[in-house]
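Listing of data.tsv; format and content: TSV, C-alpha atoms.
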chain	number	residue	atom	x	y	z
A	17	MET	CA	102.54	49.81	-19.54
A	18	ASN	CA	102.15	53.08	-17.67
A	19	GLN	CA	105.71	54.03	-18.43
A	20	ARG	CA	105.20	53.49	-22.16
A	21	ILE	CA	102.25	55.80	-22.16
A	22	LEU	CA	104.20	58.47	-20.32
A	23	SER	CA	107.12	58.24	-22.75
A	24	LEU	CA	104.82	58.61	-25.71
A	25	LEU	CA	103.29	61.71	-24.22
A	26	LEU	CA	106.66	63.29	-23.55
A	27	ALA	CA	107.87	62.57	-27.09
A	28	GLY	CA	104.81	64.17	-28.52
A	29	THR	CA	105.30	67.25	-26.43
A	30	LEU	CA	108.90	67.70	-27.51
A	31	SER	CA	108.05	67.32	-31.19
A	32	LEU	CA	105.47	70.04	-30.93
A	33	THR	CA	107.95	72.37	-29.26
A	34	LEU	CA	110.49	71.85	-31.98
A	35	LEU	CA	108.01	72.54	-34.70
A	36	ALA	CA	107.00	75.76	-33.04
A	37	GLY	CA	110.55	77.01	-32.93
A	38	CYS	CA	111.24	76.31	-36.60
A	39	ALA	CA	108.25	78.20	-37.92
A	40	PRO	CA	108.88	81.73	-39.73
A	41	LYS	CA	108.51	84.82	-37.62
A	42	GLY	CA	106.13	86.58	-39.97
A	43	SER	CA	103.70	84.03	-39.45
A	44	GLU	CA	104.07	84.49	-35.74
A	45	SER	CA	102.80	88.08	-35.95
A	46	SER	CA	99.83	87.18	-38.00
A	47	GLN	CA	98.83	84.11	-36.19
A	48	PRO	CA	99.07	83.80	-32.52
A	49	PRO	CA	100.84	80.75	-31.43
A	50	GLU	CA	98.65	77.87	-30.61
A	51	THR	CA	98.91	76.72	-27.17
A	52	THR	CA	98.54	73.11	-26.65
A	53	PRO	CA	97.26	72.19	-23.34
A	54	MET	CA	99.42	70.10	-21.23
A	55	VAL	CA	98.05	66.77	-20.84
A	56	THR	CA	98.75	65.47	-17.47
A	57	PRO	CA	98.97	61.82	-17.59
A	58	THR	CA	96.33	60.16	-15.58
A	59	GLN	CA	97.09	56.89	-14.17
A	60	PRO	CA	94.45	54.50	-15.03
A	61	ALA	CA	92.78	53.01	-12.13
A	62	GLU	CA	94.28	49.76	-11.24
A	63	PRO	CA	91.86	47.05	-11.71
A	64	THR	CA	90.86	45.59	-8.47
A	65	GLU	CA	91.07	41.93	-8.44
A	66	THR	CA	87.77	40.65	-7.39
A	67	SER	CA	87.91	37.14	-6.51
A	68	VAL	CA	84.91	35.62	-8.05
A	69	LEU	CA	84.15	32.76	-5.85
A	70	PRO	CA	81.25	30.56	-6.59
A	71	THR	CA	78.48	31.38	-4.20
A	72	GLU	CA	77.23	28.40	-2.46
A	73	PRO	CA	73.49	28.22	-2.43
A	74	PRO	CA	72.02	28.55	1.03
A	75	GLU	CA	71.49	25.29	2.61
A	76	THR	CA	67.83	24.55	2.78
A	77	GLU	CA	66.55	21.98	5.10
A	78	PRO	CA	64.86	19.23	3.21
A	79	THR	CA	61.12	19.46	3.69
A	80	GLU	CA	59.37	16.27	4.32
A	81	THR	CA	56.88	15.63	1.59
A	82	PRO	CA	53.92	13.59	2.67
A	83	GLY	CA	54.16	10.13	1.34
A	84	ALA	CA	51.65	9.38	-1.31
A	85	ALA	CA	48.84	7.20	-0.13
A	86	PRO	CA	49.29	3.71	-1.42
A	87	GLU	CA	47.08	3.11	-4.35
A	88	SER	CA	44.50	0.50	-3.70
A	89	THR	CA	44.79	-2.38	-6.02
A	90	PRO	CA	41.60	-3.72	-7.59
A	91	GLY	CA	42.13	-7.03	-5.86
A	92	ALA	CA	42.21	-5.48	-2.40
A	93	ALA	CA	39.11	-3.36	-2.93
A	94	LYS	CA	35.94	-4.75	-1.45
A	95	PRO	CA	33.26	-5.57	-3.98
A	96	SER	CA	30.60	-2.94	-4.04
A	97	GLN	CA	27.24	-4.14	-2.92
A	98	THR	CA	24.58	-4.16	-5.56
A	99	PRO	CA	22.02	-1.52	-4.60
A	100	LYS	CA	18.69	-2.98	-3.78
A	101	PRO	CA	15.87	-1.82	-5.99
A	102	SER	CA	13.76	0.70	-4.27
A	103	GLU	CA	10.35	-0.53	-3.40
A	104	LYS	CA	7.55	0.98	-5.38
A	105	PRO	CA	5.24	3.02	-3.23
A	106	ASN	CA	2.01	1.29	-2.72
A	107	ALA	CA	-0.61	3.42	-4.20
A	108	ALA	CA	-3.49	3.63	-1.81
A	109	PRO	CA	-6.60	2.37	-3.55
A	110	PRO	CA	-9.21	5.06	-3.93
A	111	GLN	CA	-11.85	4.74	-1.31
A	112	LYS	CA	-15.27	4.05	-2.66
A	113	PRO	CA	-17.94	6.42	-1.45
A	114	GLN	CA	-19.92	4.82	1.27
A	115	ALA	CA	-23.52	4.37	0.44
A	116	SER	CA	-25.95	5.94	2.83
A	117	PRO	CA	-27.44	3.35	5.15
A	118	GLU	CA	-30.80	2.15	3.98
A	119	ALA	CA	-33.67	1.41	6.25
A	120	THR	CA	-33.56	-2.20	7.35
A	121	PRO	CA	-36.73	-3.97	6.21
A	122	VAL	CA	-38.72	-5.98	8.71
A	123	PRO	CA	-37.54	-9.59	8.33
A	124	THR	CA	-40.13	-12.11	7.25
A	125	PRO	CA	-39.89	-15.77	8.24
A	126	SER	CA	-37.98	-17.80	5.71
A	127	GLU	CA	-39.84	-20.46	3.80
A	128	SER	CA	-36.83	-22.78	4.15
A	129	PRO	CA	-35.75	-22.18	7.76
A	130	ASP	CA	-32.38	-22.99	9.15
A	131	SER	CA	-31.95	-26.71	9.78
A	132	SER	CA	-30.84	-25.94	13.34
A	133	SER	CA	-34.19	-24.34	14.27
A	134	VAL	CA	-36.64	-26.20	16.49
A	135	VAL	CA	-39.40	-26.01	13.87
A	136	THR	CA	-37.23	-27.68	11.24
A	137	GLN	CA	-36.02	-30.32	13.67
A	138	VAL	CA	-39.61	-31.25	14.51
A	139	TRP	CA	-40.52	-31.68	10.86
A	140	GLU	CA	-37.37	-33.64	10.00
A	141	GLN	CA	-38.05	-36.03	12.86
A	142	ILE	CA	-41.71	-36.54	11.78
A	143	ALA	CA	-40.68	-37.09	8.15
A	144	ALA	CA	-38.06	-39.64	9.22
A	145	ASP	CA	-40.35	-41.58	11.57
A	146	LEU	CA	-43.36	-41.56	9.20
A	147	ALA	CA	-41.47	-41.92	5.95
A	148	ASP	CA	-43.27	-45.16	5.09
A	149	VAL	CA	-46.81	-43.75	5.42
A	150	LEU	CA	-46.53	-40.08	4.45
A	151	PRO	CA	-47.48	-39.20	0.87
A	152	SER	CA	-45.34	-36.90	-1.26
A	153	SER	CA	-45.73	-33.31	-0.10
A	154	MET	CA	-44.84	-29.78	-1.16
A	155	ASP	CA	-43.98	-26.59	0.71
A	156	LEU	CA	-46.53	-23.80	0.97
A	157	THR	CA	-45.09	-20.35	0.13
A	158	GLY	CA	-45.79	-17.16	2.00
A	159	ASP	CA	-48.45	-15.91	-0.41
A	160	ASP	CA	-50.18	-19.30	-0.52
A	161	LEU	CA	-50.04	-19.51	3.27
A	162	LYS	CA	-52.11	-16.36	3.57
A	163	SER	CA	-54.59	-17.35	0.87
A	164	THR	CA	-54.98	-20.99	2.02
A	165	TYR	CA	-54.72	-20.70	5.81
A	166	GLY	CA	-55.48	-17.02	6.32
A	167	ILE	CA	-52.23	-16.59	8.30
A	168	ASP	CA	-49.99	-13.55	7.81
A	169	PRO	CA	-46.34	-14.70	7.53
A	170	ALA	CA	-45.31	-11.52	9.37
A	171	ASP	CA	-46.91	-12.97	12.52
A	172	LEU	CA	-44.48	-15.91	12.46
A	173	GLU	CA	-40.81	-16.17	13.39
A	174	ASP	CA	-40.38	-19.54	11.67
A	175	TYR	CA	-42.67	-22.09	10.06
A	176	VAL	CA	-42.99	-25.26	7.97
A	177	CYS	CA	-46.19	-25.99	6.05
A	178	LYS	CA	-46.63	-29.18	4.01
A	179	LEU	CA	-49.52	-30.08	1.69
A	180	PRO	CA	-50.02	-33.29	-0.35
A	181	MET	CA	-49.04	-33.14	-4.00
A	182	MET	CA	-52.06	-35.25	-5.03
A	183	SER	CA	-55.70	-34.35	-4.32
A	184	ALA	CA	-56.45	-37.95	-3.36
A	185	HIS	CA	-54.64	-37.26	-0.07
A	186	ILE	CA	-55.55	-34.78	2.61
A	187	THR	CA	-52.49	-35.05	4.86
A	188	GLU	CA	-51.37	-31.60	6.11
A	189	PHE	CA	-48.72	-30.35	8.53
A	190	PHE	CA	-48.28	-26.84	9.90
A	191	ILE	CA	-45.50	-26.28	12.47
A	192	ALA	CA	-44.57	-22.73	13.49
A	193	LYS	CA	-43.02	-20.47	16.08
A	194	VAL	CA	-45.44	-17.59	16.55
A	195	LYS	CA	-44.52	-14.05	17.56
A	196	ASP	CA	-45.68	-12.75	20.91
A	197	GLY	CA	-49.34	-11.70	20.93
A	198	LYS	CA	-50.15	-13.45	17.62
A	199	MET	CA	-50.96	-16.96	18.87
A	200	ASP	CA	-54.72	-16.48	19.13
A	201	ALA	CA	-54.99	-15.20	15.57
A	202	VAL	CA	-52.90	-18.09	14.22
A	203	LYS	CA	-54.85	-20.67	16.21
A	204	ALA	CA	-58.18	-19.31	14.98
A	205	ALA	CA	-56.97	-19.41	11.37
A	206	LEU	CA	-55.98	-23.10	11.72
A	207	GLN	CA	-59.35	-24.01	13.21
A	208	ALA	CA	-61.03	-22.25	10.31
A	209	ARG	CA	-58.92	-24.29	7.91
A	210	GLN	CA	-60.06	-27.56	9.53
A	211	GLU	CA	-63.72	-26.55	9.31
A	212	ALA	CA	-63.33	-25.64	5.65
A	213	LEU	CA	-61.87	-29.06	4.89
A	214	ALA	CA	-64.58	-30.89	6.86
A	215	GLY	CA	-67.36	-29.05	5.00
A	216	GLY	CA	-65.92	-29.80	1.58
A	217	PHE	CA	-66.54	-32.64	-0.78
A	218	LEU	CA	-64.34	-35.42	0.53
A	219	TYR	CA	-64.15	-39.11	0.14
A	220	PRO	CA	-65.88	-40.84	3.05
A	221	SER	CA	-62.54	-42.25	4.20
A	222	LEU	CA	-61.09	-38.76	4.43
A	223	VAL	CA	-63.93	-37.19	6.40
A	224	GLU	CA	-63.03	-39.19	9.52
A	225	LEU	CA	-59.35	-38.27	9.06
A	226	VAL	CA	-60.18	-34.54	8.99
A	227	GLU	CA	-62.28	-34.84	12.12
A	228	ASP	CA	-59.37	-36.46	13.97
A	229	TYR	CA	-57.02	-33.49	13.38
A	230	LYS	CA	-54.55	-32.34	16.06
A	231	LEU	CA	-53.92	-28.74	17.18
A	232	VAL	CA	-51.30	-28.43	19.96
A	233	VAL	CA	-49.68	-25.30	21.46
A	234	ASN	CA	-46.48	-25.34	23.57
A	235	GLY	CA	-45.43	-21.81	24.47
A	236	ASN	CA	-44.85	-19.96	21.19
A	237	TYR	CA	-44.82	-23.20	19.16
A	238	ILE	CA	-47.91	-24.60	17.47
A	239	LEU	CA	-48.64	-27.85	15.59
A	240	PHE	CA	-51.57	-28.48	13.26
A	241	CYS	CA	-51.70	-31.86	11.51
A	242	ILE	CA	-54.17	-34.06	9.64
A	243	THR	CA	-52.75	-37.55	9.27
A	244	GLU	CA	-53.38	-41.15	10.20
A	245	ASN	CA	-50.36	-40.93	12.56
A	246	ALA	CA	-51.34	-37.68	14.27
A	247	ASP	CA	-50.66	-39.00	17.78
A	248	GLN	CA	-47.09	-39.94	16.87
A	249	ALA	CA	-46.55	-36.49	15.34
A	250	VAL	CA	-47.74	-34.87	18.58
A	251	GLU	CA	-45.28	-36.90	20.63
A	252	ILE	CA	-42.37	-35.73	18.45
A	253	PHE	CA	-43.60	-32.12	18.70
A	254	ASP	CA	-43.76	-32.30	22.49
A	255	ASP	CA	-40.24	-33.75	22.70
A	256	TYR	CA	-38.76	-30.69	20.97
A	257	THR	CA	-40.95	-27.87	22.29
A	258	LYS	CA	-41.69	-28.67	25.93
This entry written out as structure tokens:
Amino acid sequence: MNQRILSLLLAGTLSLTLLAGCAPKGSESSQPPETTPMVTPTQPAEPTETSVLPTEPPETEPTETPGAAPESTPGAAKPSQTPKPSEKPNAAPPQKPQASPEATPVPTPSESPDSSSVVTQVWEQIAADLADVLPSSMDLTGDDLKSTYGIDPADLEDYVCKLPMMSAHITEFFIAKVKDGKMDAVKAALQARQEALAGGFLYPSLVELVEDYKLVVNGNYILFCITENADQAVEIFDDYTK
């Protein structure tokens, strides 16, 4: 191929030389001859054969990828425990304002004393032993005790006072436990009661009964009775109070 190019260049150069020699002279004087530059053939650079080899990718060491965690199947999963309901807070009840302490009143003897007291036991025993002869009776209240016997209930720790329900009878019983220092006043009031009954208008059969009254004192205990069975009542009184 290079030789063909060179031959073509040489042929072109020769044809130009021949044309220049055949041209008229007159024209040579008027126009200077054109000079054609010599073209030096340049050899084209030979193509370098570059062996295009497929480039092998650099070997990369396989990286270990962490194995995926096995998915838990629903069957293997433990059943979730049902949450226990939270306990409701116990609301503390509002505290009631405490009332200011009141002065404790002085206790007065009860009209119906406790059955375990000595005074009550004495009366229950008398009522049981003399049930066939005793008339129906009633209890004397605190106010009536003061108006009838002249005895202040505040001077007594415990007492039982029985009066007949019918005026045809005169049977009376007074059994009491007297406070310290009050025995003389209580005894005097009972004696005054007996004198008032004896000076009243009574049936002749009752006058003798009033005169045979009993008044017995054992320590702080006192018995006053007007009854046909007064001696038996005194024996029962002594059994419980001595």
Fill in: Residue with smallest distance to Thr243 of chain A - pool A:Gly215, A:Gly28, A:Pro151, A:Pro169, counting only C-alpha atoms
A:Pro151
Practice prompt. Would you mind listing what lies within 8 Å of segment 152-160 of chain A as number ranges by chain, with all atoms listed in the file counted and same-chain residues fewer than 4 positions away left out?
Written response: A: 127, 164-165, 169, 176-182
Item to complete: Would you mind listing what lies within 12 Å of Ile142 of chain A as a count of residues only, with only C-alpha atoms counted and same-chain residues fewer than 6 positions away left out?
Response: 25
Practice prompt. Measure the distance from atom CA of Ala170 of chain A to atom CA of Gln141 of chain A in Å and round it to one decimal.
Written response: 25.8 Å
Item to complete: Figure out the distance between atom CA of Lys258 of chain A and atom CA of Ala201 of chain A, please, to one decimal in Å.
Response: 21.6 Å
